[in-house]
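Comments concern the structure below.
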Amino acid sequence: MELVLAAAIGILAASGVWLLLRPRTFQVIIGLTLISYAVNLFIFSIGGLRTGADPVLRDAAGDIAQYADPLPQALVLTAIVIGFATTALFLVVLLTSRGLTGNDHVDGEDGTP
Amino acid sequence: MPDNALPSAIICLPFVASVVVFLLRGRGRSHNLAAWLMTATALLGLLLSLWLYPAIAAGNVLRQVIPWVPGLGLDLVLRVDGFSWLFMLLICGIGTLVGLYARYYMSPDDPLARFFALLLAFMGSMLGIVMSGNVIQLVFFWEMTSLFSFLLIGYWHRGPPARDGARMALIVTSGGGLCLFAGVLLLGHVVGSYDLDVILAAGDMVRAHALYTPTLLLILLGAFTKSAQFPFHFWLPQAMSAPTPVSAYLHSATMVKAGVFLLVRFWPVLGGTDQWFWIVGGVGLVTLILGAYSAMFEQDLKGVLAYSTISHLGLITMLVGLGSALGVVAAIFHIVNHATFKASLFMAAGAVDHEAGTRDLRKLGGLRRFMPVTATLALIAGAAMAGVPLLNGFLSKEMFFAETLATRQGPLLDMISVVIAVAASAFGVTYSIRFVRGVFFGRVPASLPREPHEPPLWMRFPIGFLALACLLVGMLPARVIGPSLRAAASSVLGAGQLPDYSLAVWHGVTTPLLMSIFAFVAGCLLYVRLRGYVAGREVAPLTGRLSGKRIFERVLAVLAADIPRWIERRYPSRRLQSQLLWIVLLALLAGGLAATSAPFGFHPRWSSVDPAFALLWLLGAACAIGAASQAKFHRLAALVLTGGAGLVSCVSFVWLSAPDLAATQLLVEVVTTILILLGMRWLPKRIEGLAPESRMHRFRRRRDGLIAIVVGLGVASLAYAAMMHPVADSISRFFLERAYTEGGGRNVVNVILVDFRGFDTLGEISVLAIVALTVFGLLRRFRPAAESINVPLQQRRQVVPDAGEASRAVDHSLTDYLMIPGLIIQLMFPVILLFGLHLFLRGHDLPGGGFVAGITVAVGLILLYMARGARWVEAHLRVLPVRWIGAGLLLAVSTGLASLAFGRPFLTSYFRYAELPVLGKLPLASAVLFDLGVFSVVVGATVLLLIALAHQSLRRPRQLADAPAAAGGQG
């Protein structure tokens with residue numbers, strides 16, 4: 001389980017970083033999305049992986065052995081929303097830059113493919 | 001004891017008055033009011049200070065402590081002793097006169113409320129410096145004076161000289177202030193307290209400490225820059241572009257005196273060492289002669305006074321530097337004397353400028369015929385500046401000569417200091433004569449810019465008052481200034497340590513008197529010799545070329561332009577691509593270093609691998625790699641593949657017992673995809689194989705690929721190590737135990753978000769709101785690139801069938817085409833809304849909550865937009881996303897604030913279960929209200945983002961106004 005998820009995180013991060021270093025804005029935005037998947041999974045997995053654990057309390061107070069760790073979940077939930085916000089902002093910056101410079105190179109000047 | 005409350009009243013007065021004056025601006029005749037308020041405030045301050053006299057004369061030190069952060073030694077301490085009391089008299093007294101003078105000097109067309117408000121604030125800051133009993137507080141007020149002096153010098157900000165002069169003064173003095181701050185911190189470190197009384201008592205310890213020299217140097221830098229000492233003297237002449245009342249106040253009596261105030265104040269702590277003698281004495285000596293020399297050649301009236309001020313400040317510095325107690329007494333005496341005659345001379349120069357319309361000595365002359373009173377008063381003050389007997393300047397100059405004669409540092413040095421003192425004194429005589437004679441005597445020039453006449457009475461009054469003070473102190477020194485001087489000097493030197501000195505006018509024929517006479521005669525002769533020579537010169541010979549101003553500007557240009565430009569050239573900061581590369585590499589380096597220092601074992605457990613999960617991620621990995629390879633030429637494919645990877649991670653969340661995350665991720669995925677789809681229309685076409693790939697590009701791709709692989713391996717092993725690391729006792733236990741009992745919810749994640757860590761969530765929704773508004777703002781000014789303006793091919797194809805038939809409107813085909821999905825979505829819309837409500841209500845106990853519900857509703861709305869078109873939706877439904885955002889933020893914050901009303905900290909929640917009809921048992925926690933705020937912000941922000949982007953497709957280029965554009969959402 002852990003091995004698969006770790007490999008998955010690695011592949012997501014590698015694809016994301018590769019795209020991040022590309023010259024086109026669209027590549028960078030896709031790269032950022034992939035990296036945010038990787039990071040979210042990473043943060044989530046820090047608490048240890050649990051399958052079949054209860055996410056919602058049955059009794060008044062819960063024991064950590066019985067339930068899924070809520071802390072990384074809360075962190076990742078926040079991260080997902082903020083990630084969405086940054087993606088949106090970047091998309092609009094991308095579009096504005098495209099309108100201003102006439103091309104979609106991250107540096108605003110065409111020349112390198 | 002009421003005396004103890006007086007200091008705080010004195011220091012608060014100017015600041016309060018400043019605010020009042022500022023608030024009254026713009027009212028009719030407000031300039032009169034402002035001027036009178038300034039004068040009255042300063043006068044009141046003066047009277048209150050005088051009220052303190054009995055306590056001060058008895059040698060008391062008044063202290064008022066207002067605790068702030070006692071643990072850090074930071075208290076607001078007001079401390080008044082004899083020396084600071086004398087300064088308070090100067091600040092308030094001359095402040096009164098300047099207020100009066102400025103009322104008539106300034107033109108009513110200027111924004112006078114601002115002027116007087118700044119002047120009052122400056123006065124308060126200056127009082128703050130002299131009354132501070134805590135050295136950090138002193139530095140704070142010190143920087144405030146720099147700031148207000150900047151604003152005052154640059155008051156007539158339309159002229160470049162005013163702006164340049166103000167900037168130069170600010171940079172030099174506040175730079176010095178920073179040095180002073182560092183010095184004071186060192187001093188506090190050495191002494192162990194920032195309290196002035198403690199520091200003053202710890203002189204021996206400080207002087208013996210290893211950090212003495214750096215402390216001294218830093219504090220001296222502060223004092224020298226403020227008091228315009230060589231080599232920082234150049235800012236003062238540039239500051240002469242300030243309105244004359246400002247110069248009369250700041251550049252004679254207050255601002256520039258702050259530096260020498262500091263020197264005298266710290267003399268008991270830092271003085272008396274060799275370093276002190278050489279640096280302070282040496283700098284004072286150089287400044288003394290340099291200022292006097294330059295003043296002789298200056299053509300601007302105020303310029304003469306500025307250099308003369310530099311010279312006199314040098315004299316005071318040198319007196320303090322010589323290190324004897326008598327020197328300190330003389331320095332304090334000269335501080336007062338110089339303030340009186342220089343302020344009155346500045347005001348006289350202002351009156352001349354005001355009446356004759358010029359300050360150029362070459363264009364002036366014979367004004368005594370037009371303004372005899374001003375001429376007489378200027379003559380008296382000028383004589384005091386030259387050191388003529390029976391005037392105050394003479395007395396302190398005598399003391400100065402006596403001091404230079406008394407120092408014993410070897411015959412050669414004694415000789416040099418005596419010669420320079422006499423020479424500077426002779427130069428002083430020369431420029432004083434030049435000032436008075438050049439303006440008021442001699443021929444009247446043929447063409448004066450204005451017909452001069454006597455200035456108004458109240459403008460002459462302050463000049464006259466100060467000239468009278470010069471005379472009174474000069475003739476009856478012991479009676480007029482004796483007691484105050486004694487109080488001031490003994491507070492610096494210590495009660496029993498006062499040296500013997502005599503304030504008599506006549507001491508018999510002594511060496512200092514002979515030196516004075518010699519200097520006077522030499523000065524007169526020099527004036528006669530130099531008259532013709534000076535008239536034709538712009539700058540002083542020898543020193544004129546070596547202009548501190550030019551060096552300063554050069555240094556500034558190098559620091560503020562050349563070096564940054566060089567860095568910019570060297571480092572490709574304009575290129576995002578290389579910056580990203582650097583960021584990735586640095587992150588890799590940091591991670592690698594961390595990994596080497598904390599090695600972890602690699603023990604794979606193959607047995608636990610679930611084949612289904614592995615298969616799932618095989619798909620996910622394929623999607624990710626596919627997206628990476630397709631993002632350049634096949635954007636849509638890349639987007640779909642990215643969505644695939646997102647879905648896989650969403651399934652993983654479900655798998656790993658995190659339904660909340662899965663729901664949120666899924667919905668965010670949907671919204672993000674729509675958003676990018678909407679944006680994609682504006683990107684340029686990119687066709688594979690058009691541009692040949694060069695070797696450079698191949699190299700880059702390989703290099704980046706290598707980096708990406710290394711990063712991936714690193715992240716994977718880090719993730720694996722983190723997952724295998726046994727979890728220590730985390731705070732999750734706390735949340736699990738308290739979520740229901742204290743938060744009233746069974747869904748621990750939601751309780752954490754809206755209750756335990758509600759403040760974080762508040763920050764998060766604020767970010768979301770800011771992003772949405774930013775996007776909205778950016779898109780309002782959005783200009784698409786030229787080639788994207790035309791309607792895309794797909795949309796043009798859609799309208800082809802309509803164009804031929806007269807019975808069909810242009811959009812009909814599209815409407816037909818989307819008829820059924822549109823109807824379905826329209827019918828589904830209320831259901832989606834209800835589902836959102838359901839998600840929201842159950843959020844506290846079951847997976848769901850404000851975020852998910854908000855995005856659900858937003859998705860419902862955007863589906864409607866897609867299926868029915870923006871025009872249809874907006875005709876049927878009024879969505880005001882900005883109001884949703886505002887209302888949500890307001891609700892969240894007010895829920896948090898409500899707990900304050902019950903005496904609990906911000907965002908404390910309250911809960912209770914209530915039985916409602918129809919809906920059944922519901923948790924009525926106040927956190928639900930907060931969650932409602934979250935919900936509202938999420939709906940508003942998401943819809944605003946999507947709509948703002950979708951509306952871009954509605955823009956019709958003018959030339960194609962008749963051509964159709966599909967409704968929003970067809971991007």
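Order determines the names: the first chain of the structure tokens is A, the second B, and so forth; residues in each chain are numbered 1 upward, and ligands are numbered 1 upward as they are shown.
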
Compile a residue-level contact table for chain A against chain B at a cut-off of 6 Å, reporting for every qualifying residue the shortest atom pair and its distance in Å to one decimal, with only C-alpha atoms counted, rows ordered by chain and ascending number, as CSV.
```
residue,atom,partner,partner_atom,distance
A:Met1,CA,B:Val609,CA,4.6
A:Val4,CA,B:Ala614,CA,5.9
A:Ala6,CA,B:Ala716,CA,4.8
A:Ala7,CA,B:Ala716,CA,5.5
A:Ile9,CA,B:Ala716,CA,5.9
A:Gly10,CA,B:Gly712,CA,4.1
A:Ile11,CA,B:Gly712,CA,5.8
A:Leu12,CA,B:Ala624,CA,5.9
A:Ala13,CA,B:Gly712,CA,5.4
A:Ala14,CA,B:Gly712,CA,4.3
A:Ser15,CA,B:Ala628,CA,5.6
A:Val17,CA,B:Ala708,CA,5.5
A:Trp18,CA,B:Ala708,CA,5.2
A:Leu19,CA,B:Ala628,CA,6.0
A:Gln27,CA,B:Ala631,CA,5.2
A:Ile46,CA,B:Met723,CA,5.4
A:Gly48,CA,B:Met723,CA,5.1
A:Arg50,CA,B:Leu656,CA,5.4
A:Thr51,CA,B:Leu656,CA,4.7
A:Gly52,CA,B:Ser657,CA,5.9
A:Ala53,CA,B:Ser657,CA,5.7
A:Val56,CA,B:Asn747,CA,4.9
A:Leu57,CA,B:Arg746,CA,4.8
A:Ala60,CA,B:Tyr740,CA,5.4
A:Ala61,CA,B:Glu737,CA,4.5
A:Gly62,CA,B:Leu736,CA,5.2
A:Ile64,CA,B:Arg733,CA,5.9
A:Pro70,CA,B:Val749,CA,5.3
A:Leu71,CA,B:Ser732,CA,5.6
A:Ala74,CA,B:Val749,CA,5.3
A:Leu77,CA,B:Leu661,CA,5.9
A:Ala85,CA,B:Leu768,CA,5.9
A:Thr96,CA,B:Phe782,CA,5.9
A:Gly99,CA,B:Ala785,CA,4.3
A:Gly102,CA,B:Ala785,CA,5.3
A:Asp107,CA,B:Arg575,CA,5.2
```

Next, dump the selected residues to file, keeping only N, CA, C and O atoms, as a compact mmCIF listing (two decimals), in the first residue's frame.
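This went into selection.txt:
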```txt
# COMPACT_ATOMS: atom_id res chain seq x y z
N MET A 1 0.82 -1.21 0.00
CA MET A 1 0.00 0.00 0.00
C MET A 1 0.85 1.26 0.00
O MET A 1 0.77 2.12 -0.87
N VAL A 4 3.04 1.61 -3.09
CA VAL A 4 2.32 2.06 -4.28
C VAL A 4 2.07 3.56 -4.19
O VAL A 4 2.32 4.31 -5.14
N ALA A 6 3.61 5.76 -2.42
CA ALA A 6 4.85 6.53 -2.50
C ALA A 6 5.28 6.66 -3.95
O ALA A 6 5.66 7.74 -4.41
N ALA A 7 5.21 5.55 -4.68
CA ALA A 7 5.59 5.60 -6.10
C ALA A 7 4.68 6.56 -6.86
O ALA A 7 5.13 7.35 -7.70
N ILE A 9 3.06 9.13 -5.68
CA ILE A 9 3.42 10.52 -5.35
C ILE A 9 4.65 10.94 -6.12
O ILE A 9 4.74 12.04 -6.68
N GLY A 10 5.62 10.02 -6.20
CA GLY A 10 6.85 10.32 -6.94
C GLY A 10 6.56 10.61 -8.40
O GLY A 10 7.07 11.58 -8.96
N ILE A 11 5.73 9.78 -9.01
CA ILE A 11 5.45 9.98 -10.44
C ILE A 11 4.69 11.28 -10.68
O ILE A 11 5.00 12.05 -11.59
N LEU A 12 3.72 11.53 -9.82
CA LEU A 12 2.97 12.79 -9.95
C LEU A 12 3.92 13.98 -9.82
O LEU A 12 3.87 14.94 -10.61
N ALA A 13 4.80 13.91 -8.81
CA ALA A 13 5.71 15.03 -8.58
C ALA A 13 6.66 15.19 -9.76
O ALA A 13 6.92 16.31 -10.22
N ALA A 14 7.17 14.06 -10.27
CA ALA A 14 8.13 14.15 -11.38
C ALA A 14 7.46 14.75 -12.61
O ALA A 14 8.01 15.65 -13.25
N SER A 15 6.24 14.26 -12.94
CA SER A 15 5.55 14.82 -14.10
C SER A 15 5.30 16.30 -13.90
O SER A 15 5.49 17.11 -14.82
N VAL A 17 6.95 18.46 -11.97
CA VAL A 17 8.17 19.27 -12.02
C VAL A 17 8.64 19.40 -13.47
O VAL A 17 9.08 20.48 -13.90
N TRP A 18 8.53 18.34 -14.21
CA TRP A 18 8.97 18.42 -15.61
C TRP A 18 8.15 19.49 -16.35
O TRP A 18 8.68 20.32 -17.07
N LEU A 19 6.85 19.47 -16.09
CA LEU A 19 6.00 20.46 -16.75
C LEU A 19 6.28 21.87 -16.23
O LEU A 19 6.21 22.84 -16.98
N GLN A 27 1.52 24.42 -19.94
CA GLN A 27 2.27 23.31 -19.34
C GLN A 27 2.51 23.55 -17.86
O GLN A 27 2.39 22.65 -17.04
N ILE A 46 1.12 11.30 5.59
CA ILE A 46 2.06 11.42 6.71
C ILE A 46 1.52 10.76 7.96
O ILE A 46 2.24 10.14 8.73
N GLY A 48 0.07 8.16 8.23
CA GLY A 48 -0.03 6.71 8.10
C GLY A 48 -1.30 6.36 7.35
O GLY A 48 -2.30 7.09 7.43
N ARG A 50 -4.62 4.24 6.39
CA ARG A 50 -5.60 3.39 7.08
C ARG A 50 -6.68 3.04 6.09
O ARG A 50 -7.27 3.91 5.46
N THR A 51 -6.91 1.73 5.93
CA THR A 51 -8.06 1.37 5.10
C THR A 51 -9.15 0.87 6.03
O THR A 51 -8.88 0.19 7.02
N GLY A 52 -10.35 1.23 5.71
CA GLY A 52 -11.49 0.73 6.46
C GLY A 52 -11.64 1.31 7.84
O GLY A 52 -12.41 0.79 8.64
N ALA A 53 -10.93 2.39 8.13
CA ALA A 53 -11.12 3.01 9.45
C ALA A 53 -12.34 3.91 9.39
O ALA A 53 -12.75 4.37 8.33
N VAL A 56 -15.98 8.89 10.88
CA VAL A 56 -16.93 9.67 11.68
C VAL A 56 -17.11 9.01 13.04
O VAL A 56 -17.18 7.78 13.13
N LEU A 57 -17.15 9.80 14.07
CA LEU A 57 -17.24 9.26 15.43
C LEU A 57 -18.54 8.49 15.63
O LEU A 57 -19.61 8.93 15.25
N ALA A 60 -19.12 9.22 21.83
CA ALA A 60 -18.82 10.60 22.18
C ALA A 60 -17.34 10.91 22.00
O ALA A 60 -16.98 11.98 21.52
N ALA A 61 -16.48 9.98 22.37
CA ALA A 61 -15.06 10.24 22.21
C ALA A 61 -14.42 9.07 21.48
O ALA A 61 -14.81 7.91 21.70
N GLY A 62 -13.49 9.35 20.60
CA GLY A 62 -12.93 8.30 19.79
C GLY A 62 -11.50 7.99 20.16
O GLY A 62 -10.80 8.81 20.76
N ILE A 64 -7.73 6.82 18.71
CA ILE A 64 -6.97 6.98 17.47
C ILE A 64 -6.81 5.65 16.74
O ILE A 64 -6.67 5.60 15.52
N PRO A 70 -7.85 12.47 11.76
CA PRO A 70 -8.54 13.61 11.16
C PRO A 70 -7.60 14.77 10.81
O PRO A 70 -7.92 15.61 9.97
N LEU A 71 -6.44 14.82 11.46
CA LEU A 71 -5.61 16.01 11.33
C LEU A 71 -5.09 16.21 9.90
O LEU A 71 -5.30 17.28 9.31
N ALA A 74 -7.86 17.34 7.64
CA ALA A 74 -8.23 18.76 7.74
C ALA A 74 -7.21 19.62 7.00
O ALA A 74 -7.56 20.57 6.29
N LEU A 77 -7.74 19.18 3.24
CA LEU A 77 -8.96 19.84 2.78
C LEU A 77 -8.68 21.31 2.51
O LEU A 77 -9.07 21.87 1.48
N ALA A 85 -7.75 27.88 -5.56
CA ALA A 85 -7.66 29.34 -5.67
C ALA A 85 -6.41 29.76 -6.44
O ALA A 85 -6.47 30.62 -7.32
N THR A 96 -4.06 36.97 -18.95
CA THR A 96 -3.73 38.38 -19.08
C THR A 96 -2.37 38.54 -19.76
O THR A 96 -2.20 39.39 -20.65
N GLY A 99 -2.70 37.99 -23.32
CA GLY A 99 -3.28 39.14 -24.00
C GLY A 99 -2.28 40.26 -24.16
O GLY A 99 -2.23 40.94 -25.19
N GLY A 102 0.98 38.70 -26.32
CA GLY A 102 0.68 38.10 -27.61
C GLY A 102 1.20 36.69 -27.75
O GLY A 102 1.10 36.10 -28.82
N ASP A 107 7.93 33.58 -20.05
CA ASP A 107 8.73 34.80 -19.91
C ASP A 107 8.17 35.94 -20.73
O ASP A 107 8.74 37.03 -20.77
```

Practice problem: Name the residues in contact with stretch 396-407 of chain B at a cut-off of 7 Å, using only C-alpha atoms, excluding same-chain residues fewer than 5 positions from it; report them as a ChimeraX atom specification. | Solution: /B:319,327,330,333-334,387,414,417-418,512-513

Quiz item: When DSSP works through the backbone of this structure, what residues of stretch 285-379 of chain B end up as alpha helix (DSSP H), shown as a ChimeraX atom specification?
Solution: /B:285-297,301-322,325-356,372-379

Quiz prompt | Shell of 10 Å around stretch 83-89 of chain B, only C-alpha atoms, local chain residues under 6 positions omitted, as an NGL selection string | solution = :B and (10-11 or 42-43 or 45-50 or 52-53 or 56 or 61 or 95 or 123 or 126-132 or 253-254 or 257-258 or 261 or 264-265 or 332 or 335-336 or 484-492)

Quiz item: What is the distance, in Å and to one decimal place, between atom CA of A:Ala79 and atom CA of A:Ile30?
Solution: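 Atom-to-atom, atom CA of A:Ala79 to atom CA of A:Ile30, that is 16.9 Å.
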
With a distance cut-off of 12 Å and only C-alpha atoms, select the neighbouring residues of A:Glu109, excluding the residue or stretch itself and same-chain residues fewer than 3 positions from it, and output the selection as a PDB file with C-alpha atoms, in the first residue's frame.
```pdb
ATOM      1  CA  PRO A  23       8.299  27.232 -21.332  1.00  0.00           C
ATOM      2  CA  ARG A  24       4.549  27.328 -22.065  1.00  0.00           C
ATOM      3  CA  THR A  25       2.083  28.655 -19.553  1.00  0.00           C
ATOM      4  CA  SER A  97      -0.096  37.810 -19.939  1.00  0.00           C
ATOM      5  CA  ARG A  98      -1.162  36.106 -23.132  1.00  0.00           C
ATOM      6  CA  LEU A 100      -0.512  41.587 -23.177  1.00  0.00           C
ATOM      7  CA  THR A 101       2.437  39.879 -24.780  1.00  0.00           C
ATOM      8  CA  GLY A 102       0.680  38.102 -27.611  1.00  0.00           C
ATOM      9  CA  ASN A 103       2.197  34.716 -26.813  1.00  0.00           C
ATOM     10  CA  ASP A 104       1.996  32.032 -24.186  1.00  0.00           C
ATOM     11  CA  HIS A 105       5.630  31.832 -23.146  1.00  0.00           C
ATOM     12  CA  VAL A 106       6.130  32.080 -19.384  1.00  0.00           C
ATOM     13  CA  THR A 112      12.164  29.191 -27.674  1.00  0.00           C
ATOM     14  CA  PRO A 113       9.551  26.572 -28.361  1.00  0.00           C
TER      15      PRO A 113
ATOM     16  CA  ARG B 574      13.036  38.566 -15.699  1.00  0.00           C
ATOM     17  CA  ARG B 575      12.858  34.954 -16.768  1.00  0.00           C
ATOM     18  CA  LEU B 576      10.394  32.857 -14.883  1.00  0.00           C
ATOM     19  CA  GLN B 577      11.633  29.661 -16.440  1.00  0.00           C
TER      20      GLN B 577
END
```

Exercise. Rounded to one decimal place, report the atom CA of B:Arg437-atom CA of B:Leu315 distance in Å.
Key: 24.5 Å
